[in-house]
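Asker: Just passing along the structure, written as structure tokens.
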Amino acid sequence: MRKIFLLALLTCCMLLGAVAQAAQITDVKWGVNKADVLRIVVDVTDTAGYAVDMEGDTLNLTVNADKGAQVPHSKAVKSSLADSLKIVDKGSYTVVRVPLKQRLLEKSYKAFVLKKDPATGRPFRVVLDVTPRQASYSGSGAATTVVSNRPVVSNRPTKNNSSIKKNTVIKTSTAADKKADKKKSSSKKKNDNKKNTAVSKTETTVTKPVNKSDADKLAVIKGNGRFRTSGGLDGKIITLDAGHGGSDPGAIGSDGTKEKNITLAITKIVKEILEDKGAKVYMTRTTDVDVFGPNASDAEELQARVNVGEKYNSDMFVSLHINSSVNKNIGGFSTYYYPKTDNDLRLAKNIQNKLAANFGVDDLGVRQANFYVIKRISMPAVLVEMCFISNEKELTLMKGQWFQKKTARLIAEGIEKYFA
């Protein structure tokens, strides 16, 4: 009887030991995108809980897992937010400490998990994204214009709203308005009938980075403010924005592949699919061009894209991009929205859910962001990041027609579900 008891006790100890060792941190990685958002990724052998808290000027990510012997006690970081990470073994849990160089604002950091993916060999991960203060706020803490379009925006210098003096606002017409205004000037007719163009240069409104005549002006077009959110795709007006283009290549892969070419190829396929289902689709660009024009500031270029959606009184605006990071291991789909209507989040979820459920890459989720084209436009809008050009596996994928067609089809299906 005593032997049976000892055997049972030994078995319990072995099981407890196995459980204790079940979750172990195998690596702690970091990456910074072009908007200087710092991402910290903790690889864990099994599912583990986590918590995030601020301790003075230090941001702490606590993970309920042992620190593996191969994981260093610290890592150097190149970011405006921090110079290093400290990985502290607390026995039954591990704390990743981030000594910050700037004070964070409320909700400027977000943590989430990525499930283990046996198909790709990727482990369970705890992810912490930290957004720098200047990404959406001025030094005084007051909200400012965000003249950027996403985590990876462009190769142009980003400007804040101090460069914007005054905008000329042009109201677009409804069908009834157009009938009543048949006798508009010929120059106005020419502007209204020009396809996929949303720029009027009647008065100077934005300080340019290059010398231009004061006669060159940025017009802010405002639509009728009405949009449809249900009833199927047939007859819906959708504006698609192929990220970057012309003088702005966007992110560039290790083999020279340019983001602007991938986004245009996929956007064209999405347009074709949606039109086959009865939608009226406009594109901010249909070729490799700047929407506003060469040498434009970010404010001019991004507003020109917004103007296309407003000009045609669109029901929806979808901007397509490819992400990039200095950490070549980061990959996956993500969809961004700005909650200016009751439907932006719903649109983002419908598209992201389709992409996440049908690809063997990471689901980085739906995220809120102050990106110019989704914040400054009146109708529901999203910005979709279609994997990472900095990730070699995803770079190979995105160059192939299979990836481009499948991604386009899933985005179109997400849009269709939104209108269902």
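Just remember, in the structure tokens the first chain shown is A, the second B, etc., residues are 1-based per chain, and ligands are 1-based in the order shown.
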Quick one: which region 84-124 of chain A residues come within 10 Å of region 47-54 of chain A, and what is the nearest atom pair for each with the distance in Å to one decimal, counting only C-alpha atoms, rows ordered by chain and ascending number, as CSV?
Answerer:
residue,atom,partner,partner_atom,distance
A:Tyr93,CA,A:Tyr50,CA,9.3
A:Thr94,CA,A:Tyr50,CA,9.5
A:Val95,CA,A:Ala51,CA,9.4
A:Val96,CA,A:Val52,CA,9.6
A:Arg97,CA,A:Met54,CA,9.6
A:Val98,CA,A:Met54,CA,9.5
A:Leu104,CA,A:Met54,CA,9.4
A:Tyr109,CA,A:Val52,CA,8.9
A:Lys110,CA,A:Val52,CA,8.5
A:Ala111,CA,A:Val52,CA,7.4
A:Phe112,CA,A:Tyr50,CA,8.8
A:Val113,CA,A:Tyr50,CA,9.0
A:Leu114,CA,A:Thr47,CA,9.6
A:Lys115,CA,A:Thr47,CA,7.9
A:Lys116,CA,A:Thr47,CA,8.1
A:Pro123,CA,A:Thr47,CA,9.1
A:Phe124,CA,A:Thr47,CA,6.1
Asker: Go ahead and save the residues from that selection, with N, CA and C atoms, as a PDB file, in the first residue's frame.
Answerer:
ATOM      1  N   TYR A  93       7.342  33.304 -13.610  1.00  0.00           N
ATOM      2  CA  TYR A  93       6.936  34.208 -14.685  1.00  0.00           C
ATOM      3  C   TYR A  93       8.128  35.070 -15.106  1.00  0.00           C
ATOM      4  N   THR A  94       7.972  35.764 -16.216  1.00  0.00           N
ATOM      5  CA  THR A  94       9.057  36.578 -16.777  1.00  0.00           C
ATOM      6  C   THR A  94       8.531  37.969 -17.084  1.00  0.00           C
ATOM      7  N   VAL A  95       9.334  38.976 -16.820  1.00  0.00           N
ATOM      8  CA  VAL A  95       8.953  40.357 -17.093  1.00  0.00           C
ATOM      9  C   VAL A  95       9.891  40.942 -18.146  1.00  0.00           C
ATOM     10  N   VAL A  96       9.310  41.458 -19.217  1.00  0.00           N
ATOM     11  CA  VAL A  96      10.074  42.181 -20.230  1.00  0.00           C
ATOM     12  C   VAL A  96       9.924  43.669 -19.897  1.00  0.00           C
ATOM     13  N   ARG A  97      11.002  44.277 -19.486  1.00  0.00           N
ATOM     14  CA  ARG A  97      10.970  45.684 -19.087  1.00  0.00           C
ATOM     15  C   ARG A  97      11.471  46.562 -20.234  1.00  0.00           C
ATOM     16  N   VAL A  98      10.728  47.635 -20.500  1.00  0.00           N
ATOM     17  CA  VAL A  98      11.094  48.571 -21.556  1.00  0.00           C
ATOM     18  C   VAL A  98      11.304  49.954 -20.939  1.00  0.00           C
ATOM     19  N   LEU A 104       4.535  57.999 -22.259  1.00  0.00           N
ATOM     20  CA  LEU A 104       3.471  57.531 -23.145  1.00  0.00           C
ATOM     21  C   LEU A 104       2.139  58.159 -22.778  1.00  0.00           C
ATOM     22  N   TYR A 109      -0.251  51.957 -25.994  1.00  0.00           N
ATOM     23  CA  TYR A 109       0.317  50.618 -26.110  1.00  0.00           C
ATOM     24  C   TYR A 109      -0.811  49.591 -26.058  1.00  0.00           C
ATOM     25  N   LYS A 110      -0.575  48.483 -26.734  1.00  0.00           N
ATOM     26  CA  LYS A 110      -1.612  47.452 -26.841  1.00  0.00           C
ATOM     27  C   LYS A 110      -0.941  46.091 -26.911  1.00  0.00           C
ATOM     28  N   ALA A 111      -1.456  45.128 -26.165  1.00  0.00           N
ATOM     29  CA  ALA A 111      -0.923  43.768 -26.174  1.00  0.00           C
ATOM     30  C   ALA A 111      -1.989  42.795 -26.669  1.00  0.00           C
ATOM     31  N   PHE A 112      -1.540  41.758 -27.336  1.00  0.00           N
ATOM     32  CA  PHE A 112      -2.449  40.714 -27.814  1.00  0.00           C
ATOM     33  C   PHE A 112      -1.636  39.438 -28.027  1.00  0.00           C
ATOM     34  N   VAL A 113      -2.316  38.342 -28.317  1.00  0.00           N
ATOM     35  CA  VAL A 113      -1.616  37.073 -28.523  1.00  0.00           C
ATOM     36  C   VAL A 113      -1.859  36.559 -29.937  1.00  0.00           C
ATOM     37  N   LEU A 114      -0.917  35.787 -30.414  1.00  0.00           N
ATOM     38  CA  LEU A 114      -1.049  35.081 -31.688  1.00  0.00           C
ATOM     39  C   LEU A 114      -0.952  33.592 -31.385  1.00  0.00           C
ATOM     40  N   LYS A 115      -1.930  32.856 -31.829  1.00  0.00           N
ATOM     41  CA  LYS A 115      -1.997  31.433 -31.509  1.00  0.00           C
ATOM     42  C   LYS A 115      -0.892  30.644 -32.209  1.00  0.00           C
ATOM     43  N   LYS A 116      -0.579  29.516 -31.622  1.00  0.00           N
ATOM     44  CA  LYS A 116       0.402  28.607 -32.205  1.00  0.00           C
ATOM     45  C   LYS A 116      -0.100  28.117 -33.550  1.00  0.00           C
ATOM     46  N   PRO A 123       5.323  29.551 -33.021  1.00  0.00           N
ATOM     47  CA  PRO A 123       4.857  29.239 -31.667  1.00  0.00           C
ATOM     48  C   PRO A 123       3.778  30.203 -31.200  1.00  0.00           C
ATOM     49  N   PHE A 124       3.249  29.941 -30.020  1.00  0.00           N
ATOM     50  CA  PHE A 124       2.356  30.895 -29.362  1.00  0.00           C
ATOM     51  C   PHE A 124       3.175  32.152 -29.068  1.00  0.00           C
TER      52      PHE A 124
END
Asker: Which residues come within 12 Å of Lys86 (chain A), counting only C-alpha atoms, excluding same-chain residues fewer than 5 positions away, as a ChimeraX atom specification?
Answerer: /A:28-29,40,58-62,67,71-77,94-100
Asker: Kindly save the residues from that selection, with N, CA and C atoms included, as an mmCIF file, in the first residue's frame.
Answerer:
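This went into out_30.cif:
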data_model
loop_
_atom_site.group_PDB
_atom_site.id
_atom_site.type_symbol
_atom_site.label_atom_id
_atom_site.label_comp_id
_atom_site.auth_asym_id
_atom_site.auth_seq_id
_atom_site.Cartn_x
_atom_site.Cartn_y
_atom_site.Cartn_z
ATOM 1 N N VAL A 28 12.744 36.567 -27.411
ATOM 2 C CA VAL A 28 12.103 37.872 -27.325
ATOM 3 C C VAL A 28 12.653 38.712 -28.467
ATOM 4 N N LYS A 29 11.767 39.122 -29.376
ATOM 5 C CA LYS A 29 12.181 39.863 -30.567
ATOM 6 C C LYS A 29 11.530 41.241 -30.571
ATOM 7 N N ILE A 40 7.149 44.361 -29.764
ATOM 8 C CA ILE A 40 7.899 43.364 -29.018
ATOM 9 C C ILE A 40 7.135 42.048 -29.111
ATOM 10 N N THR A 58 8.971 53.043 -16.998
ATOM 11 C CA THR A 58 9.228 51.712 -17.550
ATOM 12 C C THR A 58 7.917 51.004 -17.868
ATOM 13 N N LEU A 59 7.832 50.479 -19.079
ATOM 14 C CA LEU A 59 6.665 49.693 -19.490
ATOM 15 C C LEU A 59 6.993 48.227 -19.275
ATOM 16 N N ASN A 60 6.160 47.514 -18.529
ATOM 17 C CA ASN A 60 6.406 46.114 -18.191
ATOM 18 C C ASN A 60 5.413 45.194 -18.899
ATOM 19 N N LEU A 61 5.927 44.183 -19.570
ATOM 20 C CA LEU A 61 5.113 43.111 -20.139
ATOM 21 C C LEU A 61 5.422 41.851 -19.343
ATOM 22 N N THR A 62 4.463 41.395 -18.548
ATOM 23 C CA THR A 62 4.647 40.196 -17.727
ATOM 24 C C THR A 62 4.004 39.009 -18.419
ATOM 25 N N LYS A 67 11.608 31.851 -18.259
ATOM 26 C CA LYS A 67 12.579 32.378 -19.216
ATOM 27 C C LYS A 67 13.535 31.259 -19.619
ATOM 28 N N VAL A 71 17.549 32.649 -23.761
ATOM 29 C CA VAL A 71 17.062 34.028 -23.896
ATOM 30 C C VAL A 71 17.982 34.963 -23.120
ATOM 31 N N PRO A 72 18.537 35.980 -23.755
ATOM 32 C CA PRO A 72 19.449 36.896 -23.054
ATOM 33 C C PRO A 72 18.724 37.742 -22.009
ATOM 34 N N HIS A 73 19.502 38.338 -21.121
ATOM 35 C CA HIS A 73 18.915 39.170 -20.068
ATOM 36 C C HIS A 73 18.555 40.561 -20.583
ATOM 37 N N SER A 74 19.116 40.952 -21.722
ATOM 38 C CA SER A 74 18.807 42.266 -22.302
ATOM 39 C C SER A 74 19.075 42.247 -23.794
ATOM 40 N N LYS A 75 18.441 43.207 -24.481
ATOM 41 C CA LYS A 75 18.654 43.363 -25.916
ATOM 42 C C LYS A 75 18.681 44.850 -26.245
ATOM 43 N N ALA A 76 19.544 45.221 -27.174
ATOM 44 C CA ALA A 76 19.593 46.607 -27.636
ATOM 45 C C ALA A 76 18.440 46.862 -28.591
ATOM 46 N N VAL A 77 17.870 48.055 -28.534
ATOM 47 C CA VAL A 77 16.743 48.434 -29.387
ATOM 48 C C VAL A 77 17.058 49.769 -30.063
ATOM 49 N N THR A 94 7.972 35.764 -16.216
ATOM 50 C CA THR A 94 9.057 36.578 -16.777
ATOM 51 C C THR A 94 8.531 37.969 -17.084
ATOM 52 N N VAL A 95 9.334 38.976 -16.820
ATOM 53 C CA VAL A 95 8.953 40.357 -17.093
ATOM 54 C C VAL A 95 9.891 40.942 -18.146
ATOM 55 N N VAL A 96 9.310 41.458 -19.217
ATOM 56 C CA VAL A 96 10.074 42.181 -20.230
ATOM 57 C C VAL A 96 9.924 43.669 -19.897
ATOM 58 N N ARG A 97 11.002 44.277 -19.486
ATOM 59 C CA ARG A 97 10.970 45.684 -19.087
ATOM 60 C C ARG A 97 11.471 46.562 -20.234
ATOM 61 N N VAL A 98 10.728 47.635 -20.500
ATOM 62 C CA VAL A 98 11.094 48.571 -21.556
ATOM 63 C C VAL A 98 11.304 49.954 -20.939
ATOM 64 N N PRO A 99 12.544 50.333 -20.630
ATOM 65 C CA PRO A 99 12.805 51.680 -20.111
ATOM 66 C C PRO A 99 12.557 52.710 -21.214
ATOM 67 N N LEU A 100 11.586 53.577 -21.014
ATOM 68 C CA LEU A 100 11.144 54.489 -22.061
ATOM 69 C C LEU A 100 11.910 55.810 -22.040
#
Asker: Quick one: of A:Leu347, A:Val220, A:Tyr418, A:Val289, who's nearest to Gly243 (chain A), counting only C-alpha atoms?
Answerer: A:Val289
Asker: Which residues in region 214-404 of chain A does DSSP call alpha helix (DSSP H)? List them as an mmCIF file with C-alpha atoms, in the first residue's frame.
Answerer:
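Printed below is selection.cif as written:
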data_model
loop_
_atom_site.group_PDB
_atom_site.id
_atom_site.type_symbol
_atom_site.label_atom_id
_atom_site.label_comp_id
_atom_site.auth_asym_id
_atom_site.auth_seq_id
_atom_site.Cartn_x
_atom_site.Cartn_y
_atom_site.Cartn_z
ATOM 1 C CA GLU A 259 5.133 47.983 -52.749
ATOM 2 C CA LYS A 260 3.456 50.317 -55.246
ATOM 3 C CA ASN A 261 3.425 47.591 -57.916
ATOM 4 C CA ILE A 262 1.967 44.891 -55.661
ATOM 5 C CA THR A 263 -0.778 47.151 -54.328
ATOM 6 C CA LEU A 264 -1.803 48.247 -57.827
ATOM 7 C CA ALA A 265 -1.963 44.670 -59.122
ATOM 8 C CA ILE A 266 -4.174 43.497 -56.252
ATOM 9 C CA THR A 267 -6.384 46.600 -56.347
ATOM 10 C CA LYS A 268 -7.136 46.051 -60.035
ATOM 11 C CA ILE A 269 -8.281 42.492 -59.311
ATOM 12 C CA VAL A 270 -10.499 43.637 -56.425
ATOM 13 C CA LYS A 271 -12.071 46.205 -58.752
ATOM 14 C CA GLU A 272 -12.821 43.566 -61.385
ATOM 15 C CA ILE A 273 -14.418 41.204 -58.848
ATOM 16 C CA LEU A 274 -16.604 43.917 -57.319
ATOM 17 C CA GLU A 275 -17.731 45.224 -60.710
ATOM 18 C CA ASP A 276 -18.729 41.701 -61.746
ATOM 19 C CA ASP A 298 2.307 63.839 -47.900
ATOM 20 C CA ALA A 299 -0.616 66.147 -47.081
ATOM 21 C CA GLU A 300 -1.206 66.894 -50.757
ATOM 22 C CA GLU A 301 -0.855 63.312 -51.919
ATOM 23 C CA LEU A 302 -3.024 61.789 -49.197
ATOM 24 C CA GLN A 303 -5.727 64.445 -49.485
ATOM 25 C CA ALA A 304 -5.840 63.850 -53.233
ATOM 26 C CA ARG A 305 -6.678 60.201 -52.538
ATOM 27 C CA VAL A 306 -9.364 61.178 -50.034
ATOM 28 C CA ASN A 307 -10.790 63.550 -52.649
ATOM 29 C CA VAL A 308 -11.489 60.654 -55.033
ATOM 30 C CA GLY A 309 -13.760 58.956 -52.518
ATOM 31 C CA GLU A 310 -15.520 62.228 -51.716
ATOM 32 C CA LYS A 311 -15.880 63.284 -55.346
ATOM 33 C CA ASP A 344 -15.705 51.608 -39.863
ATOM 34 C CA LEU A 345 -14.947 48.867 -37.327
ATOM 35 C CA ARG A 346 -17.544 46.536 -38.837
ATOM 36 C CA LEU A 347 -15.986 46.959 -42.283
ATOM 37 C CA ALA A 348 -12.494 46.289 -40.909
ATOM 38 C CA LYS A 349 -13.648 43.127 -39.126
ATOM 39 C CA ASN A 350 -15.378 41.741 -42.207
ATOM 40 C CA ILE A 351 -12.260 42.114 -44.351
ATOM 41 C CA GLN A 352 -9.757 41.001 -41.696
ATOM 42 C CA ASN A 353 -11.803 37.931 -40.777
ATOM 43 C CA LYS A 354 -11.813 36.769 -44.391
ATOM 44 C CA LEU A 355 -8.044 37.218 -44.743
ATOM 45 C CA ALA A 356 -7.191 35.679 -41.371
ATOM 46 C CA TYR A 372 -4.920 60.253 -42.842
ATOM 47 C CA VAL A 373 -6.964 58.544 -45.563
ATOM 48 C CA ILE A 374 -9.227 56.648 -43.176
ATOM 49 C CA LYS A 375 -9.656 59.517 -40.717
ATOM 50 C CA GLU A 392 11.258 36.859 -47.180
ATOM 51 C CA LYS A 393 8.559 34.159 -47.201
ATOM 52 C CA GLU A 394 5.771 36.682 -47.586
ATOM 53 C CA LEU A 395 7.750 38.620 -50.196
ATOM 54 C CA THR A 396 7.916 35.460 -52.305
ATOM 55 C CA LEU A 397 4.183 34.894 -51.800
ATOM 56 C CA MET A 398 3.037 38.399 -52.729
ATOM 57 C CA GLN A 401 -0.470 35.591 -59.006
ATOM 58 C CA TRP A 402 -1.935 32.994 -56.619
ATOM 59 C CA PHE A 403 -1.417 35.278 -53.619
ATOM 60 C CA GLN A 404 -2.579 38.391 -55.455
#
Asker: Which value, in Å to one decimal, gives the distance between CA of Leu105 (chain A) and CA of Arg133 (chain A)?
Answerer: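 Computed distance, CA of Leu105 (chain A) to CA of Arg133 (chain A), equals 6.6 Å.
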Asker: If I take CA of Asp241 (chain A) and CA of Asn343 (chain A), how far is one from the other in Å, to one decimal?
Answerer: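 If I compute the distance from CA of Asp241 (chain A) to CA of Asn343 (chain A), I get 18.7 Å.
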Asker: With only C-alpha atoms as the atoms that count, which of A:Asp362, A:Asp288, A:Glu416, A:Asp117 lies nearest to Asn391 (chain A)?
Answerer: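 Checking each of A:Asp362, A:Asp288, A:Glu416, A:Asp117 against Asn391 (chain A), counting only C-alpha atoms, the winner is A:Asp362.
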Asker: List the neighbours of Met379 (chain A) out to 7 Å using only C-alpha atoms; skip same-chain residues closer than 2 positions along the sequence, and give me the result as a short mmCIF file (atom, residue, chain, number, x, y, z; two decimals) with N, CA and C atoms, in the first residue's frame.
Answerer:
data_model
loop_
_atom_site.label_atom_id
_atom_site.label_comp_id
_atom_site.auth_asym_id
_atom_site.auth_seq_id
_atom_site.Cartn_x
_atom_site.Cartn_y
_atom_site.Cartn_z
N PHE A 227 -23.97 57.65 -47.22
CA PHE A 227 -23.40 56.39 -47.69
C PHE A 227 -24.31 55.24 -47.29
N SER A 314 -18.75 58.13 -52.46
CA SER A 314 -18.61 56.68 -52.28
C SER A 314 -19.30 56.18 -51.02
N ASP A 315 -19.69 54.92 -51.07
CA ASP A 315 -20.26 54.26 -49.90
C ASP A 315 -19.16 53.68 -49.01
N MET A 316 -17.96 53.56 -49.59
CA MET A 316 -16.85 52.91 -48.88
C MET A 316 -15.54 53.30 -49.53
N PHE A 317 -14.48 53.37 -48.70
CA PHE A 317 -13.13 53.65 -49.19
C PHE A 317 -12.20 52.60 -48.61
N ILE A 377 -11.69 61.05 -44.35
CA ILE A 377 -12.74 60.80 -45.34
C ILE A 377 -14.07 60.58 -44.62
N ALA A 381 -14.20 53.63 -43.91
CA ALA A 381 -12.94 53.40 -44.62
C ALA A 381 -12.02 52.52 -43.80
#
Asker: Need to verify the contact set: Lys236 (chain A), 8 Å, only C-alpha atoms, exclusion of same-chain residues closer than 4 positions in sequence. Can you return it as a list in words?
Answerer: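 Residues meeting the cut-off are Arg228, Gly232, Gly278, Ala279, Lys280, Ser314 and Asp315 of chain A.
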Asker: For the residues in the current selection, export all heavy atoms as a PDB file, in the first residue's frame.
Answerer:
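The result, stored in part_11.pdb:
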ATOM      1  N   ARG A 228     -24.290  54.195 -48.088  1.00  0.00           N
ATOM      2  CA  ARG A 228     -25.118  53.014 -47.838  1.00  0.00           C
ATOM      3  C   ARG A 228     -24.277  51.924 -47.198  1.00  0.00           C
ATOM      4  O   ARG A 228     -23.104  51.763 -47.525  1.00  0.00           O
ATOM      5  CB  ARG A 228     -25.730  52.527 -49.151  1.00  0.00           C
ATOM      6  CG  ARG A 228     -26.700  53.528 -49.772  1.00  0.00           C
ATOM      7  CD  ARG A 228     -26.983  53.228 -51.233  1.00  0.00           C
ATOM      8  NE  ARG A 228     -25.812  53.488 -52.076  1.00  0.00           N
ATOM      9  CZ  ARG A 228     -25.785  53.322 -53.393  1.00  0.00           C
ATOM     10  NH1 ARG A 228     -26.866  52.877 -54.017  1.00  0.00           N
ATOM     11  NH2 ARG A 228     -24.684  53.587 -54.076  1.00  0.00           N
ATOM     12  N   GLY A 232     -26.690  44.677 -50.201  1.00  0.00           N
ATOM     13  CA  GLY A 232     -25.942  43.983 -51.243  1.00  0.00           C
ATOM     14  C   GLY A 232     -25.016  44.908 -52.022  1.00  0.00           C
ATOM     15  O   GLY A 232     -25.082  46.136 -51.924  1.00  0.00           O
ATOM     16  N   GLY A 278     -21.762  43.910 -59.614  1.00  0.00           N
ATOM     17  CA  GLY A 278     -22.681  45.031 -59.763  1.00  0.00           C
ATOM     18  C   GLY A 278     -22.287  46.332 -59.099  1.00  0.00           C
ATOM     19  O   GLY A 278     -23.037  47.313 -59.169  1.00  0.00           O
ATOM     20  N   ALA A 279     -21.122  46.381 -58.458  1.00  0.00           N
ATOM     21  CA  ALA A 279     -20.687  47.615 -57.801  1.00  0.00           C
ATOM     22  C   ALA A 279     -20.084  48.582 -58.816  1.00  0.00           C
ATOM     23  O   ALA A 279     -19.578  48.173 -59.855  1.00  0.00           O
ATOM     24  CB  ALA A 279     -19.672  47.305 -56.706  1.00  0.00           C
ATOM     25  N   LYS A 280     -20.141  49.872 -58.490  1.00  0.00           N
ATOM     26  CA  LYS A 280     -19.479  50.902 -59.279  1.00  0.00           C
ATOM     27  C   LYS A 280     -18.182  51.230 -58.557  1.00  0.00           C
ATOM     28  O   LYS A 280     -18.203  51.709 -57.418  1.00  0.00           O
ATOM     29  CB  LYS A 280     -20.360  52.152 -59.393  1.00  0.00           C
ATOM     30  CG  LYS A 280     -19.713  53.301 -60.148  1.00  0.00           C
ATOM     31  CD  LYS A 280     -19.467  52.962 -61.599  1.00  0.00           C
ATOM     32  CE  LYS A 280     -18.916  54.148 -62.365  1.00  0.00           C
ATOM     33  NZ  LYS A 280     -18.606  53.798 -63.773  1.00  0.00           N
ATOM     34  N   SER A 314     -18.753  58.128 -52.459  1.00  0.00           N
ATOM     35  CA  SER A 314     -18.609  56.682 -52.283  1.00  0.00           C
ATOM     36  C   SER A 314     -19.305  56.179 -51.024  1.00  0.00           C
ATOM     37  O   SER A 314     -19.466  56.905 -50.037  1.00  0.00           O
ATOM     38  CB  SER A 314     -17.123  56.316 -52.219  1.00  0.00           C
ATOM     39  OG  SER A 314     -16.447  56.748 -53.378  1.00  0.00           O
ATOM     40  N   ASP A 315     -19.687  54.916 -51.072  1.00  0.00           N
ATOM     41  CA  ASP A 315     -20.261  54.258 -49.902  1.00  0.00           C
ATOM     42  C   ASP A 315     -19.159  53.680 -49.014  1.00  0.00           C
ATOM     43  O   ASP A 315     -19.403  53.364 -47.848  1.00  0.00           O
ATOM     44  CB  ASP A 315     -21.185  53.126 -50.331  1.00  0.00           C
ATOM     45  CG  ASP A 315     -22.390  53.641 -51.114  1.00  0.00           C
ATOM     46  OD1 ASP A 315     -23.112  54.496 -50.568  1.00  0.00           O
ATOM     47  OD2 ASP A 315     -22.588  53.215 -52.263  1.00  0.00           O
TER      48      ASP A 315
END
Asker: Could you give me, as a VMD selection string, the residues within 6 Å of Val281 (chain A), counting only C-alpha atoms and dropping anything in the same chain fewer than 3 positions from it?
Answerer: chain A and resid 237 to 239
Asker: Which residues are close to Val366 (chain A), i.e. within 6 Å by only C-alpha atoms, leaving aside same-chain residues fewer than 3 positions away? Reply as a list in words.
Answerer: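 Everything that qualifies: Ser334, Thr335 and Tyr336 of chain A.
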Asker: Given the selection you just returned, output its residues as a file containing all heavy atoms, formatted as a tab-separated table (two decimals), in the first residue's frame.
Answerer:
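Dumped everything to part.tsv:
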chain	number	residue	atom	x	y	z
A	334	SER	N	-3.13	42.72	-41.36
A	334	SER	CA	-3.78	43.57	-40.37
A	334	SER	C	-4.67	44.57	-41.10
A	334	SER	O	-4.40	44.92	-42.25
A	334	SER	CB	-2.76	44.30	-39.50
A	334	SER	OG	-1.85	45.03	-40.30
A	335	THR	N	-5.72	45.02	-40.43
A	335	THR	CA	-6.65	45.98	-41.03
A	335	THR	C	-6.88	47.12	-40.04
A	335	THR	O	-7.20	46.87	-38.88
A	335	THR	CB	-7.99	45.30	-41.39
A	335	THR	OG1	-7.74	44.20	-42.26
A	335	THR	CG2	-8.91	46.30	-42.10
A	336	TYR	N	-6.72	48.34	-40.53
A	336	TYR	CA	-6.83	49.53	-39.68
A	336	TYR	C	-8.12	50.30	-39.98
A	336	TYR	O	-8.57	50.35	-41.13
A	336	TYR	CB	-5.64	50.45	-39.90
A	336	TYR	CG	-4.34	49.86	-39.41
A	336	TYR	CD1	-3.60	48.99	-40.21
A	336	TYR	CD2	-3.85	50.17	-38.14
A	336	TYR	CE1	-2.40	48.44	-39.76
A	336	TYR	CE2	-2.66	49.64	-37.68
A	336	TYR	CZ	-1.94	48.77	-38.49
A	336	TYR	OH	-0.77	48.23	-38.04
Asker: Could you name the residues that touch region 357-360 of chain A at 10 Å or less, counting only C-alpha atoms, but leaving out those on the same chain fewer than 5 positions away, as a PyMOL selection string?
Answerer: chain A and resi 117-120+332-333+352+403+406-407+410
Asker: Could you write out the selected residues, including N, CA and C atoms, as a short mmCIF file (atom, residue, chain, number, x, y, z; two decimals), in the first residue's frame?
Answerer:
data_model
loop_
_atom_site.label_atom_id
_atom_site.label_comp_id
_atom_site.auth_asym_id
_atom_site.auth_seq_id
_atom_site.Cartn_x
_atom_site.Cartn_y
_atom_site.Cartn_z
N ASP A 117 0.79 28.09 -34.55
CA ASP A 117 0.39 27.69 -35.90
C ASP A 117 1.26 26.51 -36.36
N PRO A 118 0.77 25.29 -36.18
CA PRO A 118 1.56 24.11 -36.56
C PRO A 118 1.90 24.09 -38.05
N ALA A 119 1.04 24.66 -38.88
CA ALA A 119 1.28 24.64 -40.33
C ALA A 119 2.53 25.40 -40.71
N THR A 120 2.80 26.50 -40.02
CA THR A 120 3.97 27.33 -40.34
C THR A 120 5.10 27.16 -39.34
N GLY A 332 2.24 38.86 -41.58
CA GLY A 332 0.82 38.71 -41.36
C GLY A 332 -0.03 39.85 -41.90
N PHE A 333 -1.35 39.64 -41.83
CA PHE A 333 -2.34 40.62 -42.27
C PHE A 333 -2.83 41.46 -41.10
N GLN A 352 -10.82 41.70 -42.42
CA GLN A 352 -9.76 41.00 -41.70
C GLN A 352 -10.13 39.55 -41.42
N PHE A 403 -1.22 34.43 -54.79
CA PHE A 403 -1.42 35.28 -53.62
C PHE A 403 -2.24 36.50 -53.98
N LYS A 406 -5.92 35.55 -54.68
CA LYS A 406 -6.61 35.08 -53.48
C LYS A 406 -6.85 36.23 -52.51
N THR A 407 -5.84 37.08 -52.33
CA THR A 407 -5.99 38.23 -51.44
C THR A 407 -7.10 39.15 -51.94
N LEU A 410 -10.55 37.57 -51.32
CA LEU A 410 -10.97 37.60 -49.92
C LEU A 410 -11.35 39.01 -49.48
#
